[in-house]
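One structure is given here, and the rest of the page talks about it.
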Amino acid sequence: MPNLKQKLREKIDIWRPRVARLIQEHSDVVVDQVTVGQILGGMRGIKCLVTDISYLDPMEGIRYRGFTLPEVFAKLPKPRGAESPYVEGLIYLFLIGEIPTVEEVEDVIDEFHKRRILPRYVYDVIDQFPCCSHPMTIFSAAVMTLQRESFFAKKYAAGLNKTGFWDPTYEDALNLIAKLPEIATYIYAKLYRDGKRIQSNPGLDLGGNFAHMMGIPRPYDDVARMHFILHSDHESGNVSAHTGHLVGSSLADVYLSVSSMINGLAGPLHGLANQEVLRWLHELMDRMDHKIPTEDEIKQYVWDTLNAGMVIPGYGHAVLRKTDPRFLLQRDFAMKHMAGDPIFQYVDLLYKVTPDILMEHGKAKNPWPNVDAHSGALQWYYGVREYDFYTVLFGIGRAIGVCANLIWDRALMYPLERPKSITIDMMEEIVEKAKKKSSMESVS
Ligand code: HAX
């Protein structure tokens with residue numbers, strides 16, 4: 001049976017001529033036009049990035065390699081008795097574009113087992129962080145510390161043909177993904193458990209081993225697998241995926257790219273929203289003296305937040321215009337396992353009242369919950385109560401998507417990303433010219 005890397009090589013040989021043909025024969029075909037509103041509005045909706053690993057439809061949500069999330073969860077192989085599929089199967093799907101067999105997943109699990117050991121110096125760097133450092137800062141630095149291991153950096157320095165860039169990138173990507181659970185659980189142990197680390201269990205898959213190292217029994221292994229799969233990719237334009245791609249486009253290696261991606265994820269409008277949701281929820285719980293609020297009480301809290309000029313964390317999205325299917329999948333899991341828990345009831349009540357309030361408020365284009373509105377509640381329920389840590393969990397998942405994209409970016413030899421900027425003077429001039437042209441057209 002060809003292993004993951006051999007299969008990937010075969011796929012690359014199929015995809016390269018498709019890209020080459022588009023560049024050589026169709027470079028002049030117009031895909032999109034850019035408006036002043038888009039330039040000044042954070043580039044929303046401009047079609048100027050490419051990835052084949054996922055696609056985000058505003059109404060339907062994300063598809064991975066053409067599969068909706070419910071399809072991904074139904075089709076990918078699962079460990080015996082588990083509810084969530086192997087994360088290793090997702091990695092296969094991202095890289096090869098096909099649903100793997102159980103044997104193919106086992107091959108990827110073996111690959112990761114070989115690559116898990118974290119060098120001692122990474123623990124030392126984590127140990128040296130001053131107290132009160134945010135776990136995302138430590139996570140980013142720990143990944144960057146590993147940069148000295150980069151195969152790509154070494155091969156590039158020795159002189160490497162462009163057609164071969166993907167190969168050491170693949171090695172770096174797999175080495176890093178395999179180590180991320182070790183890094184994250186050590187940061188957790190260090191910050192919140194007096195440094196008492198649980199050794200990795202070589203018999204377990206990535207999600208199962210993560211749960212084991214966190215010291216949390218089943219079904220937390222399923223929560224971990226689900227969390228990593230749901231957070232892995234959301235096409236290319238979001239801050240973390242885009243940062244990973246942008247930095248990688250300069251041929252910075254996987255470690256530098258993923259560390260940058262983590263920094264982008266750490267902003268409260270993006271990945272940090274999951275910790276913000278729990279912080280905000282707990283303020284509400286404190287206000288309610290931990291009893292379940294009435295709909296009116298919860299409405300008042302949402303309005304108070306909006307009237308104070310703050311955003312409702314976990315709600316809204318730059319692309320989605322419906323409830324995020326990643327929210328719904330977590331909600332299904334929660335309804336099965338923790339429906340009676342107060343934290344679920346708070347999340348549920350917020351889901352009932354917030355969209356209508358955001359619509360009445362009239363600013364957010366999307367009043368529906370996103371992935372971050374639910375993830376923290378699951379973590380809290382299973383005992384991960386330090387909500388500053390939640391974005392690290394997001395980062396493990398997102399690294400999988402960013403790494404898969406970096407490998408394919410190199411395989412298809414995508415160039416350095418370098419869009420063009422203009423000045424406000426220039427923009428005003430363009431607007432004046434457009435106005436003159438349209439008034440001349442209306443006269444004639
Ligand atoms: N609460 C209050 N106001 C909101 C809002 C929310 N949840 N969502 C959007 N708005 C406001 C915006 O702040 C903006 O106000 P201004 O005109 O005063 O600037 C206005 O509505 C229009 O924004 P939009 O076009 O609907 O949304 P954007 O594409 O600009 O922003 C955000 C998308 C996700 C950043 C936004 O919805 C938000 O801030 N949400 C809360 C934070 C959050 O949950 N972030 C995580 C998003 C998912 C993700 O990336 N996860 O990692």
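Letters for chains follow the order of the structure tokens (A, B, ...), residue numbers begin at 1 for each chain, and ligand numbers begin at 1 in the order shown.
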Handout entry: Within 9 Å of ligand 1, counting only C-alpha atoms and all ligand atoms, residues as number ranges by chain
Key = A: 41-42, 44, 231, 234, 238-240, 265-274, 276-277, 305-306, 309-319, 358, 361-373, 391, 394
Problem - Distance query Val392 of chain A at most 8 Å, only C-alpha atoms, self and fewer than 3 positions along chain excluded, as a list in words - result: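 Final neighbour list, sorted by chain and number: Pro135, Met136, Phe139, Ala184, Phe389, Gly395 and Ile396 of chain A.
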Output all heavy atoms of each residue in that selection to a file, as a compact mmCIF listing (two decimals), in the first residue's frame.
# COMPACT_ATOMS: atom_id res chain seq x y z
N PRO A 135 -1.14 31.70 27.75
CA PRO A 135 -0.74 30.42 27.14
C PRO A 135 -0.53 30.51 25.63
O PRO A 135 0.29 29.77 25.09
CB PRO A 135 -1.90 29.48 27.47
CG PRO A 135 -2.90 30.25 28.24
CD PRO A 135 -2.32 31.56 28.62
N MET A 136 -1.24 31.42 24.93
CA MET A 136 -1.02 31.53 23.49
C MET A 136 0.38 32.10 23.19
O MET A 136 1.00 31.75 22.18
CB MET A 136 -2.09 32.42 22.85
CG MET A 136 -3.41 31.74 22.68
SD MET A 136 -3.32 30.33 21.54
CE MET A 136 -3.60 31.15 19.98
N PHE A 139 2.68 29.23 23.71
CA PHE A 139 2.48 28.25 22.63
C PHE A 139 3.22 28.70 21.36
O PHE A 139 3.96 27.93 20.74
CB PHE A 139 0.97 28.16 22.37
CG PHE A 139 0.53 27.02 21.50
CD1 PHE A 139 1.12 25.77 21.59
CD2 PHE A 139 -0.51 27.18 20.59
CE1 PHE A 139 0.68 24.70 20.80
CE2 PHE A 139 -0.96 26.13 19.79
CZ PHE A 139 -0.35 24.90 19.89
N ALA A 184 1.16 21.61 24.06
CA ALA A 184 -0.03 22.23 24.68
C ALA A 184 -0.28 21.65 26.07
O ALA A 184 -0.55 22.40 27.02
CB ALA A 184 -1.24 22.01 23.79
N PHE A 389 -6.85 29.05 28.27
CA PHE A 389 -6.21 27.95 27.54
C PHE A 389 -6.98 27.56 26.27
O PHE A 389 -6.45 26.88 25.40
CB PHE A 389 -6.09 26.73 28.47
CG PHE A 389 -5.29 25.59 27.91
CD1 PHE A 389 -3.92 25.70 27.73
CD2 PHE A 389 -5.91 24.39 27.57
CE1 PHE A 389 -3.18 24.64 27.21
CE2 PHE A 389 -5.18 23.33 27.05
CZ PHE A 389 -3.81 23.45 26.87
N GLY A 395 -5.73 26.39 18.40
CA GLY A 395 -4.47 26.46 17.65
C GLY A 395 -3.97 25.10 17.18
O GLY A 395 -3.41 24.97 16.08
N ILE A 396 -4.18 24.05 18.01
CA ILE A 396 -3.76 22.71 17.58
C ILE A 396 -4.54 22.33 16.33
O ILE A 396 -4.00 21.87 15.33
CB ILE A 396 -4.00 21.66 18.69
CG1 ILE A 396 -3.18 22.01 19.92
CG2 ILE A 396 -3.66 20.25 18.18
CD1 ILE A 396 -3.45 21.08 21.12
Exercise for the section: Choose the residue, out of A:Ala339, A:Ile117, A:Leu95, A:Val30, that has the smallest atom-to-atom separation from Ser54 of chain A; count only C-alpha atoms. Expected result: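 Looking at the shortest contact to Ser54 of chain A, the residue is A:Leu95.
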Practice task
In Å, rounded to a single decimal, give me how far atom CA of Phe344 of chain A is from atom CA of Pro77 of chain A.
Solution key: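 Spanning atom CA of Pro77 of chain A to atom CA of Phe344 of chain A is a straight-line distance of 28.5 Å.
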Exercise for the section: Identify, on the basis of only C-alpha atoms, every residue whose closest approach to segment 144-147 of chain A does not exceed 8 Å; exclude the query and any residue fewer than 2 positions from it along the same chain; express the result as JSON, numbers by chain. Expected result: {"A": [122, 125, 140, 141, 142, 149, 150, 253, 255, 256, 259]}
Handout entry: Minimum-distance residue to Phe333 of chain A, chosen among A:Lys5, A:His227, A:Lys162, A:Arg385 (using only C-alpha atoms)
Key =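 Using only C-alpha atoms, the shortest distance to Phe333 of chain A belongs to A:His227.
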Problem - Residues within 10 Å of Pro181 of chain A, only C-alpha atoms, excluding chain neighbours under 4 positions, as a ChimeraX atom specification - result: /A:116,176-177,185-187,200,206-207,209-211,213-214,392-393,396
Practice task
May I have the residues within 8 Å of segment 105-114 of chain A as an MDAnalysis selection string, using only C-alpha atoms and disregarding those fewer than 3 positions away in the same chain?
Solution key: chainID A and resid 3:4 77 86 88:89 92 100:102 117 174:175 177:178 202 205:206
Selected residues written out with N, CA, C and O atoms, as a tab-separated table (two decimals), in the first residue's frame:
chain	number	residue	atom	x	y	z
A	3	ASN	N	2.24	4.73	0.99
A	3	ASN	CA	1.99	5.49	2.22
A	3	ASN	C	1.59	6.92	1.89
A	3	ASN	O	1.48	7.30	0.72
A	4	LEU	N	1.32	7.69	2.95
A	4	LEU	CA	0.76	9.03	2.77
A	4	LEU	C	1.61	9.88	1.82
A	4	LEU	O	1.09	10.51	0.90
A	77	PRO	N	-13.02	7.28	9.33
A	77	PRO	CA	-12.94	6.17	10.32
A	77	PRO	C	-12.82	6.68	11.76
A	77	PRO	O	-12.20	7.72	12.00
A	86	TYR	N	-11.01	9.81	13.84
A	86	TYR	CA	-9.58	10.05	14.03
A	86	TYR	C	-9.18	11.38	13.37
A	86	TYR	O	-9.51	11.62	12.21
A	88	GLU	N	-6.24	11.91	12.54
A	88	GLU	CA	-5.29	11.46	11.52
A	88	GLU	C	-6.00	11.22	10.18
A	88	GLU	O	-5.42	11.40	9.11
A	89	GLY	N	-7.28	10.80	10.26
A	89	GLY	CA	-8.06	10.60	9.02
A	89	GLY	C	-8.32	11.92	8.33
A	89	GLY	O	-8.33	12.02	7.10
A	92	TYR	N	-5.27	12.97	6.43
A	92	TYR	CA	-5.23	12.24	5.16
A	92	TYR	C	-6.17	12.91	4.15
A	92	TYR	O	-5.81	13.17	3.00
A	100	PRO	N	-9.98	8.26	3.77
A	100	PRO	CA	-9.06	7.13	3.91
A	100	PRO	C	-9.74	5.86	4.42
A	100	PRO	O	-10.79	5.92	5.06
A	101	THR	N	-9.13	4.72	4.13
A	101	THR	CA	-9.55	3.47	4.75
A	101	THR	C	-8.97	3.42	6.17
A	101	THR	O	-8.09	4.23	6.52
A	102	VAL	N	-9.41	2.44	6.96
A	102	VAL	CA	-8.86	2.28	8.32
A	102	VAL	C	-7.34	2.05	8.24
A	102	VAL	O	-6.57	2.63	9.02
A	117	ILE	N	8.16	12.85	19.97
A	117	ILE	CA	9.06	13.24	21.07
A	117	ILE	C	9.46	14.72	20.95
A	117	ILE	O	9.94	15.16	19.91
A	174	LEU	N	4.48	17.35	9.46
A	174	LEU	CA	4.10	16.17	10.26
A	174	LEU	C	4.83	16.15	11.60
A	174	LEU	O	4.25	15.80	12.64
A	175	ASN	N	6.10	16.55	11.56
A	175	ASN	CA	6.85	16.61	12.83
A	175	ASN	C	6.21	17.58	13.81
A	175	ASN	O	6.09	17.29	15.00
A	177	ILE	N	2.95	18.84	13.80
A	177	ILE	CA	1.59	18.45	14.25
A	177	ILE	C	1.68	17.38	15.33
A	177	ILE	O	0.97	17.43	16.34
A	178	ALA	N	2.59	16.41	15.13
A	178	ALA	CA	2.73	15.32	16.11
A	178	ALA	C	3.12	15.85	17.49
A	178	ALA	O	2.75	15.26	18.52
A	202	PRO	N	1.86	5.77	23.93
A	202	PRO	CA	2.17	5.46	22.53
A	202	PRO	C	1.09	4.63	21.83
A	202	PRO	O	1.04	4.58	20.61
A	205	ASP	N	-4.24	7.30	19.59
A	205	ASP	CA	-4.26	8.25	18.47
A	205	ASP	C	-4.08	9.66	19.02
A	205	ASP	O	-4.10	9.87	20.24
A	206	LEU	N	-3.99	10.63	18.10
A	206	LEU	CA	-3.68	12.01	18.51
A	206	LEU	C	-4.72	12.56	19.51
A	206	LEU	O	-4.36	13.09	20.56
Handout entry: Contacts of Ile298 of chain A at 12 Å (only C-alpha atoms; same-chain gap of 6+ positions) as a list of chain:residue names
Key =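 My list of contacting residues is A:Trp280, A:Leu281, A:Glu283, A:Leu284, A:Met285, A:Arg287, A:Met288, A:Lys291, A:Ile292, A:Asp304, A:Thr305, A:Gln345, A:Tyr346, A:Val347, A:Asp348, A:Leu349, A:Leu350, A:Tyr351, A:Lys352, A:Val353, A:Thr354, A:Ile357.
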Problem - DSSP strand (DSSP E or B) selection over segment 43-100 of chain A, as a PyMOL selection string - result: chain A and resi 54-57+61-64+67-68
Export of the given selection (N, CA and C atoms) as a compact mmCIF listing (two decimals), in the first residue's frame:
# COMPACT_ATOMS: atom_id res chain seq x y z
N SER A 54 -10.41 23.50 1.65
CA SER A 54 -11.75 23.75 2.17
C SER A 54 -12.39 24.92 1.45
N TYR A 55 -13.72 24.98 1.51
CA TYR A 55 -14.44 26.09 0.89
C TYR A 55 -15.60 26.47 1.82
N LEU A 56 -15.75 27.79 2.06
CA LEU A 56 -16.79 28.26 2.99
C LEU A 56 -17.93 28.91 2.23
N ASP A 57 -19.08 28.26 2.29
CA ASP A 57 -20.30 28.85 1.72
C ASP A 57 -21.01 29.62 2.83
N GLY A 61 -21.94 26.78 5.31
CA GLY A 61 -20.78 26.55 6.19
C GLY A 61 -19.64 25.88 5.43
N ILE A 62 -18.69 25.39 6.20
CA ILE A 62 -17.45 24.88 5.61
C ILE A 62 -17.63 23.49 5.00
N ARG A 63 -16.94 23.27 3.90
CA ARG A 63 -16.76 21.91 3.35
C ARG A 63 -15.27 21.62 3.33
N TYR A 64 -14.91 20.44 3.78
CA TYR A 64 -13.51 20.00 3.69
C TYR A 64 -13.40 19.10 2.47
N PHE A 67 -16.61 17.83 1.26
CA PHE A 67 -17.54 17.17 2.19
C PHE A 67 -18.02 18.17 3.25
N THR A 68 -19.35 18.18 3.52
CA THR A 68 -19.86 19.00 4.63
C THR A 68 -19.34 18.38 5.94
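Considering only C-alpha atoms, the residue among A:Leu412, A:Leu378, A:Glu432, A:Val223 positioned nearest to Leu22 of chain A is A:Leu412.
With atom CA of Thr294 of chain A on one side and atom CA of Pro342 of chain A on the other, the separation reads 12.9 Å.
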Practice task
Measuring atom to atom with only C-alpha atoms, identify which of A:Val29, A:Leu230, A:Met440, A:Ala404 is nearest to Leu8 of chain A.
Solution key: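 With only C-alpha atoms as the atom set, the closest residue is A:Ala404.
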Practice task
Can you check which residues of segment 34-203 of chain A DSSP gives as alpha helix (DSSP H) on the backbone and send them as number ranges by chain?
Solution key: A: 36-40, 69-75, 87-96, 102-115, 120-127, 135-145, 151-158, 166-192
